[in-house]
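Encoded as structure tokens, the structure appears first; notes follow it.
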Amino acid sequence: MKTRSPIISSLLLILSAALAHATQADDTTITVTAQNAGPTAFISQLTLTASATTTIKNIQFTIAPKTGALARPLSGAYSRDYLVSKGYLTPPSNQIFLPVYGLYAGLTNTVTLTYNFLDGSSNSSTVSITTPSFDDQGCGYNSPTVLKARSSAVVLSYDYIFIRSGCGTYSPVIIDTDGALRWVSTMGVPSALTGASEFYNASVYEGIGSLFYRVDLDGTVTMLHDYSATDNVVNFHHNIDPGKAGLLLEADTTTQYEATILDVDFTGAVVKTFDMSQIISAAMIAGGDDPTQFVHPAPLDWFHNNAATYNRADDSVIISSRENFVICIDYETSTIKWILGDKTKRWFQFPSLAAFALDLTPGSLPPIGQHATSLTYDNDLLLFDDGYPSTLQMPPGVSRTYSSPRKYQLNLTDVSSTTNPGTATVVWNYEQNQSVFSAICSSVYEDAPNSYLIDYAAIGFPTTVQDLAQILGVNAVGEQAFYYQYNTFLCNTAYNSLPIHLENTKFPVIGPQALNLSTRGDISNSDNSLIGGFIVTGTMSKEVALRVLGPSLAGPGVTSPLANPSLTLHDSTGAVIAMNDDWQTDPNAATLTADGLAPSDPLEAATVQTLAPGTYTVVATSADGGSGVGLIEAYDLSPGTGALANISTRGLVGTGEDVLINGFIVGDAGNASVIIRALGPSLASAGISNPLANPYLTIYDSNGVSIAANDNWQTDPNHLEVVKNGLAPTDDTESAIVLHPPAGLYTAIVSGAGGGTGVALVEVYDLDQPAPSP
């Protein structure tokens with residue numbers, strides 16, 4: 001009888017252990033088998049061959065910055081499902097077509113490819129991609145005049161810039177904050193025909209003539225719609241802006257010049273049309289005025305629409321009319337809500353329009369010939385005040401010798417109870433000592449709170465049409481991070497510029513919505529248990545990971561973490577649908593590990609559940625009767641289907657570290673619209689014996705900077721929008737804030753005004769997501 005030697009037995013044991021711990025990354029080989037030039041110098045097309053593709057979660061590329069660059073590396077990650085949907089992976093084939101966009105032209109680029117697998121493992125490889133030089137056709141994007149090079153001493157929240165332009169045959173373009181050109185459109189449209197454009201959800205949308213296109217970052221062009229026959233569109237002009245259904249297209253029609261806006265979905269289907277000639281005529285007739293004295297048919301440029309933005313908080317559209325004013329229209333009724341503008345212009349001579357005029361507070365200037373209306377994080381109105389008077393409507397109004405970005409805080413009144421629509425106050429500007437005059441085009445946009453991008457599009461006009469364009473980045477205190485200058489004809493080189501994010505793009509892109517949510521508070525087993533509520537919206541079930549942490553919170557700021565947390569998940573009827581004490585006992589513990597969500601302490605609780613649309617409640621308690629600080633978290637594991645919305649948490653507010661903390665993440669791209677509330681006194685009607693008497697609410701960004709605060713909800717400048725959405729607290733001492741935050745991590749902290757203590761409820765309502773049907 002043969003016996004196995006001790007050495008052989010030991011080797012077999014080692015081999016068995018290694019095989020038992022082999023990961024999908026260990027078992028899968030992926031190699032770059034081909035490299036081809038893309039449609040432009042900024043795109044390369046790689047072919048990968050994998051030993052297997054079923055275990056791939058996503059593939060990410062990251063382009064190393066060139067020597068001396070300060071912009072964060074450009075990076076994109078394609079999920080396996082996205083690659084399949086685009087036809088870049090066709091199972092059972094193991095070949096993968098991988099576009100790499102945003103390369104430097106005329107350079108050998110170092111690109112890291114990272115392969116992430118379903119079990120949480122990953123590996124990577126590096127490839128060199130040499131690109132040809134790019135002919136910018138004299139537009140100057142390759143070699144701007146550097147008035148100030150990118151400074152590492154000035155922190156900005158963005159690193160990439162989308163330039164709406166009409167120069168060359170490749171507009172619009174993307175540059176980085178170092179001034180390097182990183183992407184150009186593949187439409188190939190001559191500059192004379194270049195129309196409107198927008199960067200939204202990691203795609204470029206262009207309107208050329210009556211046609212509407214989507215251009216993906218990999219260079220793919222898709223024609224979405226032709227509006228010539230159905231909507232009488234002749235041409236798209238100026239901006240494409242974010243709308244309610246999708247995007248707002250500014251159109252010339254057969255009957256109106258620059259006075260029509262279409263709200264379309266992302267397939268191009270028209271959802272709503274705003275004909276400003278009809279809207280303003282109706283208001284003038286109702287007010288006893290003759291609209292033919294102000295409203296004119298094409299080709300007269302009586303309105304000159306150049307920008308629009310949708311305000312989800314009050315369901316309105318804010319529209320810039322360069323000739324006249326900024327006007328706000330109710331989305332559903334198309335009636336006028338308010339007008340902001342120079343009261344020496346012709347429009348104010350008509351009582352029917354003057355009745356909608358906001359009053360300016362002392363020291364505030366009206367916008368004149370403005371462009372680029374948008375909403376800031378705190379729901380203020382931001383625009384570029386060109387300072388150039390009307391050219392058709394007489395009297396033309398005030399003319400200034402300089403231009404400036406301006407931000408207005410609007411204090412609106414309830415027009416049902418008063419004839420005065422409210423006031424407007426300039427709360428920020430950047431006048432540069434009134435030294436720069438850009439009379440037409442131009443823009444200013446905010447990225448993260450108080451981080452701005454300014455575009456002076458036509459310095460020199462109207463004295464000359466051979467002008468200068470300048471693009472600069474400015475932080476909250478006015479420090480310049482960079483300043484670039486280009487030659488331009490009229491404003492074709494850079495008529496409007498947007499700050500965008502390309503440092504971590506995920507495909508498919510998740511637009512504005514609340515994603516991962518968390519709440520920290522004191523936990524025990526009475527009224528002081530920590531209770532989190534959320535809604536799953538949409539029509540499909542959603543996979544959600546829920547965690548309650550305790551021991552791992554120990555550290556600075558948390559001296560008494562909950563030792564042994566447990567969680568219970570209830571549906572809208574109150575029925576228990578899941579429970580967990582120690583996360584490793586959950587049937588889906590492997591999913592937690594694969595998604596990087598496994599708690600670091602085995603006593604902490606977690607579960608993965610697939611939830612139908614509806615309302616859910618997570619109750620965090622102590623498994624052993626103890627007390628301490630705990631953290632509830634909800635992670636959206638399937639963000640492409642529905643959303644997590646309307647997040648609430650109830651817990652005990654004490655002093656020091658025992659405040660109630662609610663965290664939420666806005667999706668990968670775009671700005672969300674949220675209302676955040678902190679309730680206390682009104683909880684008494686729900687049987688809470690010790691409600692917080694006077695809650696105080698503070699919102700922080702990911703850097704720990706306070707961006708908003710409120711004590712009594714009616715003092716918030718946007719309190720009417722709280723009322724309009726049916727979210728007015730029943731007690732005057734409770735708190736509410738309306739925000740329009742960009743993608744990122746935010747924290748709401750509830751404390752007691754004056755050091756008070758008691759049970760409070762903090763809520764985050766996502767206005768971008770409808771509640772589920774009953």
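Ordering of the structure tokens sets the chain letters (A, B, ...); residue numbers start at 1 within each chain; ligands are numbered from 1 in the order shown.
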DSSP on the backbone, strand (DSSP E) only: what residues of range 497-597 of chain A does that give? Format it as JSON, numbers by chain.
{"A": [497, 498, 499, 500, 505, 506, 507, 514, 515, 516, 517, 518, 519, 520, 521, 522, 523, 530, 531, 532, 533, 534, 535, 536, 542, 543, 544, 545, 546, 547, 548, 549, 565, 566, 567, 568, 569, 570, 576, 577, 578, 579, 580]}
Surrounding residues of range 736-744 of chain A excluding itself and chain neighbours under 6 positions, 7 Å, only C-alpha atoms, as a tab-separated table (two decimals) with C-alpha atoms, in the first residue's frame:
chain	number	residue	atom	x	y	z
A	376	THR	CA	-27.12	77.87	-7.71
A	377	TYR	CA	-26.90	75.25	-4.97
A	378	ASP	CA	-29.03	77.41	-2.64
A	379	ASN	CA	-31.65	78.05	-5.33
A	447	ASP	CA	-20.26	73.96	-9.96
A	448	ALA	CA	-19.88	73.07	-6.29
A	665	ILE	CA	-25.30	61.53	-2.05
A	666	VAL	CA	-26.50	63.28	-5.20
A	667	GLY	CA	-26.03	61.08	-8.31
A	668	ASP	CA	-23.02	61.03	-10.60
A	669	ALA	CA	-24.06	63.98	-12.81
A	670	GLY	CA	-26.22	67.08	-12.66
A	671	ASN	CA	-27.89	68.98	-9.85
A	672	ALA	CA	-30.67	67.56	-7.72
A	673	SER	CA	-33.56	69.49	-6.16
A	674	VAL	CA	-34.17	68.65	-2.51
A	675	ILE	CA	-36.09	69.93	0.48
A	676	ILE	CA	-34.58	69.06	3.87
A	677	ARG	CA	-36.66	69.35	7.04
A	678	ALA	CA	-35.97	69.01	10.77
A	702	SER	CA	-18.13	66.91	1.42
A	710	ASN	CA	-32.12	77.28	9.16
A	713	TRP	CA	-38.61	77.38	8.30
A	716	ASP	CA	-35.75	80.49	4.53
A	718	ASN	CA	-37.38	79.71	-0.54
Applying 9 Å and only C-alpha atoms, which residues near Pro91 in chain A remain after dropping the ones on its own chain fewer than 5 positions away? List them as a PDB file with C-alpha atoms, in the first residue's frame.
ATOM      1  CA  THR A  53     -16.526  38.008 -19.625  1.00  0.00           C
ATOM      2  CA  THR A  54     -19.425  36.788 -17.477  1.00  0.00           C
ATOM      3  CA  VAL A  84     -23.418  44.780 -24.175  1.00  0.00           C
TER       4      VAL A  84
END
* Can you list, as a ChimeraX atom specification, every protein, DNA or RNA residue that comes within 9 Å of Asn420 in chain A when you count only C-alpha atoms, leaving out same-chain residues fewer than 2 positions away? -> /A:355-359,412-415,418,422-423
Exercise for review: Can you pull out every residue within 9 Å of range 581-592 of chain A, counting only C-alpha atoms, but drop anything in the same chain fewer than 5 positions away, and send it as a list in words?
Suggested key: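 The residues that qualify are Leu118, Asp119, Gly120, Ala545, Arg547, Asn564, Pro565, Ser566, Leu567, Thr568, Leu597, Ala598, Pro599, Asp601, Pro602, Leu603, Glu604, Ala605, Ala606, Thr607, Val608, Gln609 and Ala623 of chain A.
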